[in-house]
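J.: Here it is, the structure in full.
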Amino acid sequence: MGRAKILLAVMKPGDKGRVAAYLHPEQSATRRLAALGFLPGEMFLLERRRPDFLIRFGYTRVAINRTLARQIMVYKMTVSCGNR
Amino acid sequence: MPVFLPQVVLVGHPNVGKSQLFNLLTKSQVVVSNYPGTTVELTRGKGVVGEKVVMVVDTPGLYSLGAISTEEQVTRILLVNKKPDAVVQVADARNLTRMLSLTLELMEAKLPLILVLNMMDEAKASGLVINCGLLSHRLGIPVIPATLISGSGLTQIRRHIAELLRSGSRSPQFRLETYLAGSGLESGLDRLASGLKGDYGISRRSIAAALLNPDSTLEDAVRRQEGSFAHLRPVLKELQHAGEPLFLLATARRRLAAQLLQAVIRRPAREPFSVSEQISAVLLNPYSGWFVLLLVLYFGFYRFVGGFGAETLVELLEERLFLNLITPYFNLWGELYLPWDWLRDLLVAEYGILTLGLRYTFAIILPIMATYFLFFSLVEDSGYLPRAAFLVNRLMEKLGLNGKAVIPLTLGFGCGTLAVLSTRTLDSRRERLQASLLLSLAVPCSAQLGLILALLARGNGILIWLGVVLVSIFAAASLGRVLFGPPEVSFCLEIPPLRLPRPGAIIRKTLARLRWYLREVMPLFIGISVFMWILRQTGLINMVIQGFNPLISSLGLPVETGLIFVYGFLRRDYGAAGLFDLARGGVLTPGQVLVAAVTLTLFLPCAAQLAVLIREHGPGFAVLVAATTAVIAWLAGLAVHLLMSIHWIASLLM
C-alpha cells in the first residue's frame, strides 16, 4: 500500500495514522492540539468517531470535533478490514 | 512583607499535580482536582524551604509560553513581570515527550528551573521505566521523580529548591536551528530579541517568541520596558508571515524532546490490562455513556443534592433548628432588648439579618452548597467531567458553546455566581460571554430550582415551565451568536485518565470550596440584605415596585407579585420563597404561579451574579445581559400568560 495523505475525518475507529499536516495551523483549536503534542510525525490511534472523534497518542487522549478532524491531513498506517 | 520573600513559582500542564505540590509546600488547602483548568487564578501561600520562608505561587495550567488561553496568559505574564527565584515545572511522568516541550521552552526563557516528574507510581504501574539521572544530565537541570499524592519526592524537591535559591543558577538553553529546517525562524527571533532592551523575568529570546502570539498584557509589559513598540513591528511582521512560527517552534521542540529522551524511557512491549481503561471506554461510548450520564445526573443532582441536601438537610436545619429554636429566640431577644423599630427591622423582623439572613445562609444555602460541592468534587476528581464534555459536545455546539461549557453550566445549577466565575476556564472570550449569558438567563440556581420544582410539582406546570425555559435558552443562544459573532468551529479537549478519588481529598476540597463560598459570596448576600433594609426603611421599595406595576399587570399578575421580582433580583432565593408563600397563601391561581415562575426563572440574574458579571466582563456586558434577560423573561411570561387564557391548556395545570 502506498502511503496516501487522507483527512483524519475519513478514518475508521481502530485505524492507526501518522500526522502529516494541518490545513489551518493558525486556528486556536489547532494550536491547542499542537500544544498537546499532536504535531506532524506523531503516531496515533483513532479510538472513536462518534459522538465525536477520539484520538490517542502516547498516553494522551484527546477529543476533537468533526470540523477539526476535517482539517488534519494524516498518513494512514494500517488498512482496516472492517465491514464498512 | 510577602513581596520580599523569595518567590517559588509552580508551573506545568493542566492536571499534572501542581496544586498537590503547592499543598505539600505550603500545607494549605487549595482545591486540587482532576479536571484540566481548575486553578483559574494565581494561588499564593507561604512555605518553608531549607531555613528560608518562601512565597509559593501556584499557576493555572500552561501548555506553552505561546499562550493561547487566558489562564495561560496569566502564567506567562507572571513569568515576564516577576523574577521568580525558582521555577518548578511539575510534569506527568507518563507523558514525558509532551511535557518536555514545555521544559525546553522554559529553558529557552533561562529560568531557574527544576523538573519534577510526578505520578511515578502510575508510570511504573503502566510499565514505564524512566532514567531521571540521564535526563537531568542531558538537560542540565535537576530532574526529580515524585509521587506527590502520597508525598514521595518532596524532600528532594525542597532540597533542590533550597539549592537553587542559594545558587541562583539559571537553566542552560538549547538552540532549535537544526530542527527548524532552515526556516530562518531562529535567526529572526534573535534579531527580534536584539531589538529588545528591557529587563524581563524571562530571556529576551523568549519575549521575542511570546510576541509571536501577544496579548494586551504582554504588549503593555513590553511597551513599558521598551518605551515604544514601533521598531519591533517590521521584524515581527516578517516572522509572522513566514508560515506558522509557533507551529514550527512547537514541532522543533517536540523533535528535540524526542531526541533528548532517547534511552531515557523504556516502554513496555505491551500495555498492561487496566480496569480504568475499561471503565473509560464505557463512559465514552455514546450509548452506555449517556446512560451513565443520566444516572449521574439523577442520583447526583436530583436525589443527593435535590433530595438529601435541599430537602432532608434543609428541613432538619431550618424547621427543627432555626424555626423552632433559634428564630423564636432572636425574636424574643429583639422584642425585649431592641427598643428601636428600625434596628429590630434590620436584625430580627421578617427580613432581618439574624432571622432571615442567618437562616437562609446556614439552613438553606449551606446544606445545598455542601452537598453540591461534595458531589461535584467527587465527579471532578474521578476525571469524569471531560468524558461528559465529550458526550455533550455536539449538543453544546448547538448552543454556540462546546463540551467544556459543561462545567459552568452544571455549576450554574448550584450557584450562578460561582458558575460565572468558572467561565474563565473556557477558551475564548466569545464562549465566556455566551456561557455567561445563558447562565444569567436560563440556568436556575439550586436555591431557586428547589422551590420552583416544589411549587410546580403538582399538575403539568413543570413541563410547560421546562418547555419555555428550553425555548428561551435557544433564543438566547441565537442572540449570542448575533451579538458575539459565530462560535469557534473547531474544538479539542484533552481526556485525562480516570482516577479513583480519595475521600480525604474530596472532603478537603469540599471544605475549601465551602469556605471560599462563605467568604466570597456570602458577604455579597449580607450586603444585599442590608441594601434591602435600606430600601424598606426609606420607602424606596414601594417606588421600585410601582415602577414594576405596568409590567406585572401586563402578565396578568396581581401587584403583590412585584415584590417577588424585586426580591428575586436582590436574592434569587428570597424571590422564589416569596412566590412560594404567595402561592401557598392562595393569592395566585395555578396559571399565575406558572407565569410568575417562568418569568422569575428567566428574569435578571441575582445581584451577586450581576456584580460578578461586571467584574468579569465589564459593565457594558452586564447591562446587556440585564436588558436581554429582562426582555426575554417578559416575553416568555407573556407567552405563558396568553397560553393560560386558552381554557384547554389552563386545565392541564389542575
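Numbering starts fresh at 1 for the residues of each chain in the C-alpha cells, the chains themselves are lettered A, B, ... in the order given, and ligands are numbered from 1 as they appear.
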Which polymer residues have any atom within 9 Å of an atom of Val116 in chain B, counting only C-alpha atoms, with same-chain residues fewer than 5 positions away left out, as a compact mmCIF listing (two decimals) with C-alpha atoms, in the first residue's frame?

T.:
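Result went into result_2.txt, see below:
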# COMPACT_ATOMS: atom_id res chain seq x y z
CA VAL B 88 9.34 24.24 39.47
CA GLN B 89 7.83 22.52 36.47
CA VAL B 90 5.57 19.68 37.53
CA ALA B 91 5.16 17.06 34.80
CA ASP B 92 3.23 13.85 34.29
CA ALA B 93 5.86 11.12 34.07
CA PRO B 142 17.61 18.87 38.31
CA VAL B 143 15.04 16.19 37.44
CA ILE B 144 13.23 14.73 40.45
CA PRO B 145 10.96 11.65 40.40
CA ALA B 146 7.92 12.04 42.65
CA GLY B 153 9.84 13.01 46.42
CA ILE B 157 12.17 18.85 45.79

J.: For a quick test of understanding: name the residues of chain B lying within 6 Å of chain A when counting only C-alpha atoms, and present them as a list in words.

T.: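 Only these qualify: Tyr63, Asn95, Arg98, Ser490, Phe491, Cys492, Leu493, Glu494 and Ile495 of chain B.
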
J.: Would you list, as JSON, numbers by chain, the residues of chain A that end up in strand (DSSP E) under DSSP run on this structure's backbone?

T.: {"A": [5, 6, 7, 16, 17, 18, 19, 20, 21, 22, 43, 44, 45, 46, 47, 48, 53, 54, 55, 56, 57, 60, 61, 62, 63, 64, 72, 73, 74, 75, 76]}

J.: Neighbouring residues of Ile364 in chain B were defined as those with any atom within 9 Å, considering only C-alpha atoms; residues of the same chain fewer than 3 positions away were excluded. Please report them as a VMD selection string.

T.: chain B and resid 309 to 310 313 to 315 317 to 318 359 to 361 367 to 369 447

J.: Do a neighbour search on range 180-196 of chain B at 9 Å with only C-alpha atoms, toss out local chain neighbours closer than 6 positions, and write the hits as an mmCIF file with N, CA and C atoms, in the first residue's frame.

T.:
data_model
loop_
_atom_site.group_PDB
_atom_site.id
_atom_site.type_symbol
_atom_site.label_atom_id
_atom_site.label_comp_id
_atom_site.auth_asym_id
_atom_site.auth_seq_id
_atom_site.Cartn_x
_atom_site.Cartn_y
_atom_site.Cartn_z
ATOM 1 N N SER B 203 14.013 35.327 29.295
ATOM 2 C CA SER B 203 15.040 35.809 28.366
ATOM 3 C C SER B 203 14.407 36.622 27.228
ATOM 4 N N ARG B 204 15.187 37.524 26.627
ATOM 5 C CA ARG B 204 14.657 38.346 25.534
ATOM 6 C C ARG B 204 14.247 37.479 24.360
ATOM 7 N N ARG B 205 15.000 36.421 24.181
ATOM 8 C CA ARG B 205 14.679 35.478 23.126
ATOM 9 C C ARG B 205 13.256 34.914 23.346
ATOM 10 N N SER B 206 12.901 34.607 24.604
ATOM 11 C CA SER B 206 11.562 34.096 24.900
ATOM 12 C C SER B 206 10.500 35.170 24.749
ATOM 13 N N ILE B 207 10.851 36.399 25.128
ATOM 14 C CA ILE B 207 9.920 37.513 24.913
ATOM 15 C C ILE B 207 9.620 37.605 23.420
ATOM 16 N N ALA B 208 10.692 37.496 22.613
ATOM 17 C CA ALA B 208 10.518 37.568 21.162
ATOM 18 C C ALA B 208 9.563 36.480 20.680
ATOM 19 N N ALA B 209 9.757 35.242 21.190
ATOM 20 C CA ALA B 209 8.880 34.143 20.779
ATOM 21 C C ALA B 209 7.452 34.387 21.242
ATOM 22 N N VAL B 222 5.811 44.956 27.420
ATOM 23 C CA VAL B 222 6.924 45.251 26.521
ATOM 24 C C VAL B 222 7.009 46.753 26.247
ATOM 25 N N GLN B 225 8.592 48.557 29.086
ATOM 26 C CA GLN B 225 10.034 48.372 29.193
ATOM 27 C C GLN B 225 10.796 49.044 28.058
ATOM 28 N N GLU B 226 10.229 48.958 26.852
ATOM 29 C CA GLU B 226 10.971 49.411 25.677
ATOM 30 C C GLU B 226 10.698 50.870 25.332
ATOM 31 N N HIS B 231 9.488 49.997 16.623
ATOM 32 C CA HIS B 231 10.662 49.468 15.944
ATOM 33 C C HIS B 231 10.653 47.943 15.850
ATOM 34 N N LEU B 232 9.797 47.284 16.653
ATOM 35 C CA LEU B 232 9.761 45.821 16.643
ATOM 36 C C LEU B 232 8.834 45.278 15.561
ATOM 37 N N VAL B 235 10.120 43.480 12.035
ATOM 38 C CA VAL B 235 10.675 42.132 12.190
ATOM 39 C C VAL B 235 9.568 41.151 12.547
ATOM 40 N N LEU B 236 8.701 41.597 13.455
ATOM 41 C CA LEU B 236 7.617 40.746 13.930
ATOM 42 C C LEU B 236 6.717 40.340 12.769
ATOM 43 N N GLU B 238 7.452 40.275 9.625
ATOM 44 C CA GLU B 238 8.201 39.390 8.734
ATOM 45 C C GLU B 238 8.148 37.943 9.255
ATOM 46 N N LEU B 239 8.343 37.803 10.577
ATOM 47 C CA LEU B 239 8.322 36.471 11.174
ATOM 48 C C LEU B 239 6.943 35.831 11.067
ATOM 49 N N ALA B 242 6.182 34.430 7.740
ATOM 50 C CA ALA B 242 6.960 33.276 7.299
ATOM 51 C C ALA B 242 6.323 31.992 7.817
ATOM 52 N N GLY B 243 5.141 31.668 7.335
ATOM 53 C CA GLY B 243 4.472 30.442 7.753
ATOM 54 C C GLY B 243 3.892 30.584 9.142
ATOM 55 N N PRO B 245 4.936 30.441 12.696
ATOM 56 C CA PRO B 245 6.128 30.347 13.538
ATOM 57 C C PRO B 245 5.923 29.539 14.812
ATOM 58 N N LEU B 248 5.946 25.913 13.952
ATOM 59 C CA LEU B 248 7.299 25.440 13.635
ATOM 60 C C LEU B 248 8.111 25.243 14.905
ATOM 61 N N LEU B 249 7.998 26.210 15.818
ATOM 62 C CA LEU B 249 8.742 26.114 17.074
ATOM 63 C C LEU B 249 8.295 24.888 17.865
ATOM 64 N N THR B 251 6.948 22.135 16.761
ATOM 65 C CA THR B 251 7.439 20.916 16.113
ATOM 66 C C THR B 251 8.923 20.714 16.397
ATOM 67 N N ALA B 252 9.679 21.803 16.336
ATOM 68 C CA ALA B 252 11.120 21.712 16.586
ATOM 69 C C ALA B 252 11.398 21.232 18.009
#

J.: For CA of Phe174 in chain B and CA of Ala162 in chain B, quote the distance in Å rounded to one decimal.

T.: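 Separating CA of Phe174 in chain B from CA of Ala162 in chain B is a distance of 25.0 Å.
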
J.: At what distance in Å, to one decimal, does CA of Leu5 in chain B lie from CA of Met55 in chain B?

T.: 5.8 Å

J.: Please give the complete set of residues from range 182-312 of chain B that DSSP, run on the backbone, assigns to alpha helix (DSSP H), formatted as number ranges by chain.

T.: B: 185-194, 204-210, 216-226, 233-241, 245-260, 275-284, 286-296

J.: Using only C-alpha atoms, which residue out of B:Arg387, B:Leu347, B:Thr97, B:Phe373 lies closest to Arg255 in chain B?

T.: B:Thr97

J.: Identify, on the basis of only C-alpha atoms, every residue whose closest approach to Ala221 in chain B does not exceed 12 Å; exclude the query and any residue fewer than 2 positions from it along the same chain; express the result as a short mmCIF file (atom, residue, chain, number, x, y, z; two decimals) with N, CA and C atoms, in the first residue's frame.

T.:
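New file part-v8.cif:
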data_model
loop_
_atom_site.label_atom_id
_atom_site.label_comp_id
_atom_site.auth_asym_id
_atom_site.auth_seq_id
_atom_site.Cartn_x
_atom_site.Cartn_y
_atom_site.Cartn_z
N ARG B 76 2.02 33.31 31.89
CA ARG B 76 3.07 33.91 31.08
C ARG B 76 3.45 35.29 31.60
N ILE B 77 2.43 36.10 31.90
CA ILE B 77 2.73 37.48 32.30
C ILE B 77 3.39 37.50 33.68
N LEU B 78 3.04 36.50 34.51
CA LEU B 78 3.71 36.39 35.81
C LEU B 78 5.21 36.17 35.62
N LEU B 79 5.55 35.26 34.70
CA LEU B 79 6.96 34.96 34.46
C LEU B 79 7.67 36.15 33.80
N VAL B 80 6.94 36.90 32.99
CA VAL B 80 7.53 38.05 32.29
C VAL B 80 7.83 39.19 33.26
N ASN B 81 6.85 39.46 34.14
CA ASN B 81 6.97 40.64 35.00
C ASN B 81 7.74 40.40 36.29
N LYS B 82 7.46 39.26 36.94
CA LYS B 82 8.13 38.97 38.19
C LYS B 82 9.40 38.21 37.86
N GLY B 198 14.80 45.88 27.34
CA GLY B 198 14.26 45.85 28.70
C GLY B 198 14.79 44.70 29.54
N ASP B 199 14.40 44.73 30.81
CA ASP B 199 14.84 43.75 31.78
C ASP B 199 13.61 42.92 32.17
N TYR B 200 13.52 41.71 31.66
CA TYR B 200 12.34 40.88 31.86
C TYR B 200 12.65 39.69 32.75
N GLY B 201 11.57 39.07 33.24
CA GLY B 201 11.74 37.85 34.03
C GLY B 201 12.18 36.67 33.18
N ILE B 207 10.85 36.40 25.13
CA ILE B 207 9.92 37.51 24.91
C ILE B 207 9.62 37.61 23.42
N ALA B 210 7.33 34.92 22.48
CA ALA B 210 5.99 35.17 23.01
C ALA B 210 5.27 36.24 22.20
N LEU B 211 6.05 37.18 21.65
CA LEU B 211 5.44 38.27 20.88
C LEU B 211 4.80 37.76 19.59
N PRO B 214 0.93 37.64 20.87
CA PRO B 214 0.86 38.53 22.01
C PRO B 214 -0.58 38.69 22.52
N ASP B 215 -0.72 39.06 23.78
CA ASP B 215 -2.00 39.53 24.28
C ASP B 215 -1.75 40.93 24.84
N SER B 216 -2.82 41.60 25.26
CA SER B 216 -2.66 43.01 25.61
C SER B 216 -1.73 43.19 26.82
N THR B 217 -1.78 42.24 27.79
CA THR B 217 -0.93 42.42 28.98
C THR B 217 0.54 42.30 28.60
N LEU B 218 0.84 41.40 27.66
CA LEU B 218 2.23 41.24 27.23
C LEU B 218 2.70 42.48 26.47
N GLU B 219 1.85 42.95 25.55
CA GLU B 219 2.22 44.14 24.79
C GLU B 219 2.45 45.33 25.71
N ARG B 223 5.85 47.36 26.04
CA ARG B 223 5.84 48.81 25.77
C ARG B 223 6.40 49.57 26.97
N ARG B 224 6.04 49.11 28.18
CA ARG B 224 6.53 49.78 29.39
C ARG B 224 8.05 49.73 29.45
N GLN B 225 8.59 48.56 29.09
CA GLN B 225 10.03 48.37 29.19
C GLN B 225 10.80 49.04 28.06
N GLU B 226 10.23 48.96 26.85
CA GLU B 226 10.97 49.41 25.68
C GLU B 226 10.70 50.87 25.33
N GLY B 227 9.66 51.43 25.96
CA GLY B 227 9.30 52.80 25.60
C GLY B 227 8.38 52.81 24.39
N SER B 228 8.77 52.10 23.35
CA SER B 228 7.86 52.04 22.21
C SER B 228 7.88 50.65 21.62
N PHE B 229 6.95 50.41 20.74
CA PHE B 229 6.75 49.08 20.20
C PHE B 229 7.06 49.10 18.70
#

J.: To one decimal in Å, tell me the separation between CA of Ala477 in chain B and CA of Phe375 in chain B.

T.: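 Straight-line distance from CA of Ala477 in chain B to CA of Phe375 in chain B works out to 28.2 Å.
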
J.: Just the residues within 9 Å of Val443 in chain B, please, counting only C-alpha atoms, with nothing from its chain fewer than 2 positions along; format it as a PDB file with C-alpha atoms, in the first residue's frame.

T.:
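Contents of part-v7.pdb, freshly written:
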ATOM      1  CA  LEU B 409     -23.468  25.113  33.070  1.00  0.00           C
ATOM      2  CA  THR B 410     -23.708  22.344  35.678  1.00  0.00           C
ATOM      3  CA  GLY B 412     -24.884  27.064  37.395  1.00  0.00           C
ATOM      4  CA  PHE B 413     -27.479  24.701  38.816  1.00  0.00           C
ATOM      5  CA  GLY B 416     -24.921  31.108  39.131  1.00  0.00           C
ATOM      6  CA  LEU B 438     -27.040  31.535  29.132  1.00  0.00           C
ATOM      7  CA  LEU B 439     -26.227  31.201  32.830  1.00  0.00           C
ATOM      8  CA  SER B 440     -27.739  34.564  33.612  1.00  0.00           C
ATOM      9  CA  LEU B 441     -30.859  33.909  31.627  1.00  0.00           C
ATOM     10  CA  CYS B 445     -29.584  28.115  40.741  1.00  0.00           C
ATOM     11  CA  LEU B 449     -34.760  25.409  41.377  1.00  0.00           C
ATOM     12  CA  VAL B 469     -37.081  27.664  29.589  1.00  0.00           C
ATOM     13  CA  ILE B 473     -32.173  29.052  26.098  1.00  0.00           C
ATOM     14  CA  THR B 601     -36.567  31.934  36.336  1.00  0.00           C
ATOM     15  CA  LEU B 602     -35.540  33.915  33.292  1.00  0.00           C
TER      16      LEU B 602
END
